[in-house]
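First the structure, in the form of structure tokens, and then the observations on it.
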Amino acid sequence: MSCPISQFPLGTRAMLGQMLWLLLAVWMLAPVLSASPQVPTDPCYDEAGAPQRCIPEFVNAALGREVQASSTDPRQTHPAAFLTDASAAADRTCWRSETLTRTPLNVTLTLPLGKAFEVVYVSLHFCSARPDSAAVFKSQDHGRSWSPLRFFSSQCNRVYGRPSRAVGQAPAQASLGSIVPRGPEALCSEPPPRTGPLLAFSMQDGLPPGQDLDSSPVLQDWVTATDIRVVLTRPVGPRATEGGVVAPYVYSVGELQVGGRCKCNGHASRCVVDTQGRLVCDCRHGTEGPDCERCKPFYCDRPWQRATAHEAHACLACSCNGHARRCRFNMELYRLSGRRSGGVCLNCRHNTAGRHCHYCREGFYRDQTRVLSHRRACKACDCHPVGAAGKTCNQTTGQCPCKDGVTGLTCNRCAPGFQQSRSPVAPCVKIPAMVPTGVTSTVAPEDCDSHCKPARGSYRINLKKYCGKDYAVQVAVGAAEAVGSWTRFSVAVVSVYKSREERARRGESVLWVPARDLACRCPRVHPGHSYLILGGTAPGTGVGE
């Protein structure tokens, strides 16, 4: 059931009114508050982040640039700076040459653009009578050389040695043996009568229709200019008398315009001034240079190309898995890959090797617990210098190539059935078969009590006696052979615990035991068993167990 506001008390009605105004304000501000701020997008990339062709905005490249005039009014009231200032048509400022009274009546205006531009048109707006003859030239190397762009004259053949040809008129049929130009050429035509003080032309004048700038290197070269030069050669007026004297004449131009775009080859959307004060392209797509005319040092997986409306031709970074900072381009590899990849990584780091730094160099193997791009993706093989047959291990498991009889991941121990030798060529040799040999003795068992007393059970030695011995070794006893009154045992020294004058070494050796001692079991020696032998260099100082 609804209730009118008038039925509420006065204080309540005031509070309800304030709440209604607050709700109305929130409702009106909701679209503004919900609208997220627009993040500026890069014209060189689409919404998905893929590269696309981008071009700088169309500008008057002459605006604010300094013009060099070969002749200027000496009173300095009409300087060459007036040619490129931003004065309006109603309040136009004009450059004026000095008063010319003798031939030749040539005046040159040179305009440096600061960098390469792709020129669309050139125009001059005269404050005085438009000259009868004028020539426009361009430079592509900052004024070191010049080539013609356009000629204007009522007498093209006499003044410039060129046939007069109107815009849109096809060239005359070439005679047999004459040279036919294959690209754009500078036209010479009479200044249009209906343009008043304006003298202008388009860079496409005289070109066949339908030519595409992106697909024509010749057309790209034709429209590219770093400097523009205008030569005013023949004013409108009376001809010169004898001695070259003419009526006083002054050239006066209000504005010089060069319409075009900063040349960036489709890889930049603007031009900026760098730290050295030079005008350069703000390059994208992995390119660099004043005109984005080359790939960056690490972006050479494919050759540089100018961007087109259909393909950005962005320079691609070399695939080095993060282990190299430099690479080079190889055309042969690029062709073999189907024109997809031609980069070769240089100076692979982090113990990697290969064209893409994609495997471990000699002496290292892949750590499968880390990704390939990790700084420690390759581990040292650490192959034993004696036990291994080489320094290269298995790239997957890290297993070193072991010599015969050697085992272990790094080939650091003898395999079962082998024992260590003294040879670095064959560090592990096969243990000889334990073939017991009968041992005879002339000592009767009843004489053993007077000869020696065999130890019963374990034999222990205190530290004092141990320190008094010259050597302590552990041996594995092999076959036994009776030699006269002695028994010769083939043994393998397993461990050397102590050695003084004559350094004991591990490996194969021989143990001589008197046959009488062996018969009386002092000591007890059995082939196939291991014993700890302590002894000295003097006779009678040995103890065995």
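Going through the structure tokens in order, the chains are called A, B, and so on, while each chain numbers its residues from 1 and the ligands are numbered from 1 in the order shown.
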
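The set of residues in segment 203-341 of chain A assigned to alpha helix (DSSP H) by DSSP, using only backbone atoms of this structure, is Pro217, Val218, Leu219, Gln220, Asp221, Trp222, Val223, Met331, Glu332, Leu333, Tyr334, Arg335 and Leu336 of chain A.
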
Next, dump the selected residues to file, keeping only N, CA and C atoms, as an mmCIF file, in the first residue's frame.
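Contents of again_32.cif, as written:
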data_model
loop_
_atom_site.group_PDB
_atom_site.id
_atom_site.type_symbol
_atom_site.label_atom_id
_atom_site.label_comp_id
_atom_site.auth_asym_id
_atom_site.auth_seq_id
_atom_site.Cartn_x
_atom_site.Cartn_y
_atom_site.Cartn_z
ATOM 1 N N PRO A 217 58.990 0.241 -56.131
ATOM 2 C CA PRO A 217 60.189 0.924 -55.623
ATOM 3 C C PRO A 217 60.553 2.154 -56.438
ATOM 4 N N VAL A 218 60.245 2.140 -57.730
ATOM 5 C CA VAL A 218 60.548 3.304 -58.573
ATOM 6 C C VAL A 218 59.710 4.498 -58.142
ATOM 7 N N LEU A 219 58.432 4.270 -57.881
ATOM 8 C CA LEU A 219 57.557 5.355 -57.446
ATOM 9 C C LEU A 219 57.937 5.827 -56.043
ATOM 10 N N GLN A 220 58.336 4.908 -55.174
ATOM 11 C CA GLN A 220 58.788 5.302 -53.834
ATOM 12 C C GLN A 220 60.002 6.214 -53.918
ATOM 13 N N ASP A 221 60.914 5.891 -54.823
ATOM 14 C CA ASP A 221 62.099 6.734 -54.992
ATOM 15 C C ASP A 221 61.722 8.095 -55.575
ATOM 16 N N TRP A 222 60.729 8.133 -56.441
ATOM 17 C CA TRP A 222 60.322 9.374 -57.101
ATOM 18 C C TRP A 222 59.748 10.382 -56.107
ATOM 19 N N VAL A 223 58.977 9.930 -55.142
ATOM 20 C CA VAL A 223 58.319 10.858 -54.216
ATOM 21 C C VAL A 223 59.174 11.163 -52.987
ATOM 22 N N MET A 331 70.744 -15.914 -45.668
ATOM 23 C CA MET A 331 69.761 -16.029 -46.745
ATOM 24 C C MET A 331 69.541 -17.475 -47.161
ATOM 25 N N GLU A 332 70.599 -18.290 -47.160
ATOM 26 C CA GLU A 332 70.447 -19.681 -47.575
ATOM 27 C C GLU A 332 69.525 -20.437 -46.615
ATOM 28 N N LEU A 333 69.717 -20.232 -45.315
ATOM 29 C CA LEU A 333 68.826 -20.872 -44.341
ATOM 30 C C LEU A 333 67.402 -20.351 -44.484
ATOM 31 N N TYR A 334 67.278 -19.072 -44.812
ATOM 32 C CA TYR A 334 65.947 -18.482 -44.996
ATOM 33 C C TYR A 334 65.223 -19.135 -46.173
ATOM 34 N N ARG A 335 65.927 -19.386 -47.246
ATOM 35 C CA ARG A 335 65.309 -20.041 -48.403
ATOM 36 C C ARG A 335 64.959 -21.491 -48.089
ATOM 37 N N LEU A 336 65.869 -22.190 -47.407
ATOM 38 C CA LEU A 336 65.614 -23.593 -47.079
ATOM 39 C C LEU A 336 64.440 -23.759 -46.124
#

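Within the 9 Å cut-off around Cys44 of chain A, using only C-alpha atoms and omitting residues fewer than 5 positions from it on the same chain, the listed residues are Gly49, Ala50, Pro51, Gln52, Arg53, Cys54, Ile55, Gly266, His267, Ala268, Ser269, Arg284, His285 and Ala312 of chain A.
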
Among segment 300-433 of chain A, which residues does DSSP mark as strand (DSSP E or B) when it is run on the backbone? Keep the chain and numbering as in the structure and answer as a compact mmCIF listing (two decimals) with C-alpha atoms, in the first residue's frame.
# COMPACT_ATOMS: atom_id res chain seq x y z
CA ARG A 326 73.22 -10.92 -31.11
CA CYS A 327 72.34 -12.80 -34.27
CA ARG A 328 72.88 -12.57 -38.01
CA PHE A 329 70.76 -13.26 -41.07
CA GLY A 343 68.38 -15.96 -38.07
CA VAL A 344 71.54 -17.51 -36.61
CA CYS A 345 72.32 -16.79 -32.95
CA LEU A 346 75.83 -15.57 -32.10
CA THR A 352 74.34 -23.51 -24.77
CA ALA A 353 75.14 -23.97 -28.45
CA TYR A 359 71.16 -27.57 -26.97
CA CYS A 360 73.99 -27.76 -24.44
CA PHE A 364 77.16 -30.09 -20.42
CA TYR A 365 73.74 -31.76 -20.54
CA ARG A 366 70.10 -30.63 -20.23
CA CYS A 378 72.54 -26.90 -18.88
CA LYS A 379 74.47 -28.75 -16.16
CA ALA A 380 78.14 -29.70 -16.26
CA ALA A 388 85.57 -41.39 -18.70
CA CYS A 402 82.91 -44.83 -19.43
CA VAL A 406 84.18 -48.34 -15.16
CA THR A 407 80.66 -47.37 -14.12
CA ARG A 413 84.09 -46.08 -9.84
CA CYS A 414 84.89 -49.60 -10.97
CA PHE A 418 86.58 -55.09 -11.58
CA GLN A 419 89.24 -53.55 -9.41
CA GLN A 420 91.24 -50.37 -9.70
CA CYS A 428 89.69 -50.76 -13.81
CA VAL A 429 90.76 -54.34 -14.53
CA LYS A 430 88.93 -57.57 -14.04

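Counting only C-alpha atoms, the residue from A:Val475, A:Val371, A:Ala480, A:Leu199 that sits nearest to Leu124 of chain A is A:Leu199.
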
Polymer residues at most 12 Å from Glu118 of chain A, only C-alpha atoms, same-chain spacing of 5 or more positions, as a count of residues only:
35

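For the residues A:Ala472, A:Val280, A:Val122, A:Val159, ranking by smallest atom-to-atom distance to Asp205 of chain A using only C-alpha atoms places A:Val122 first.
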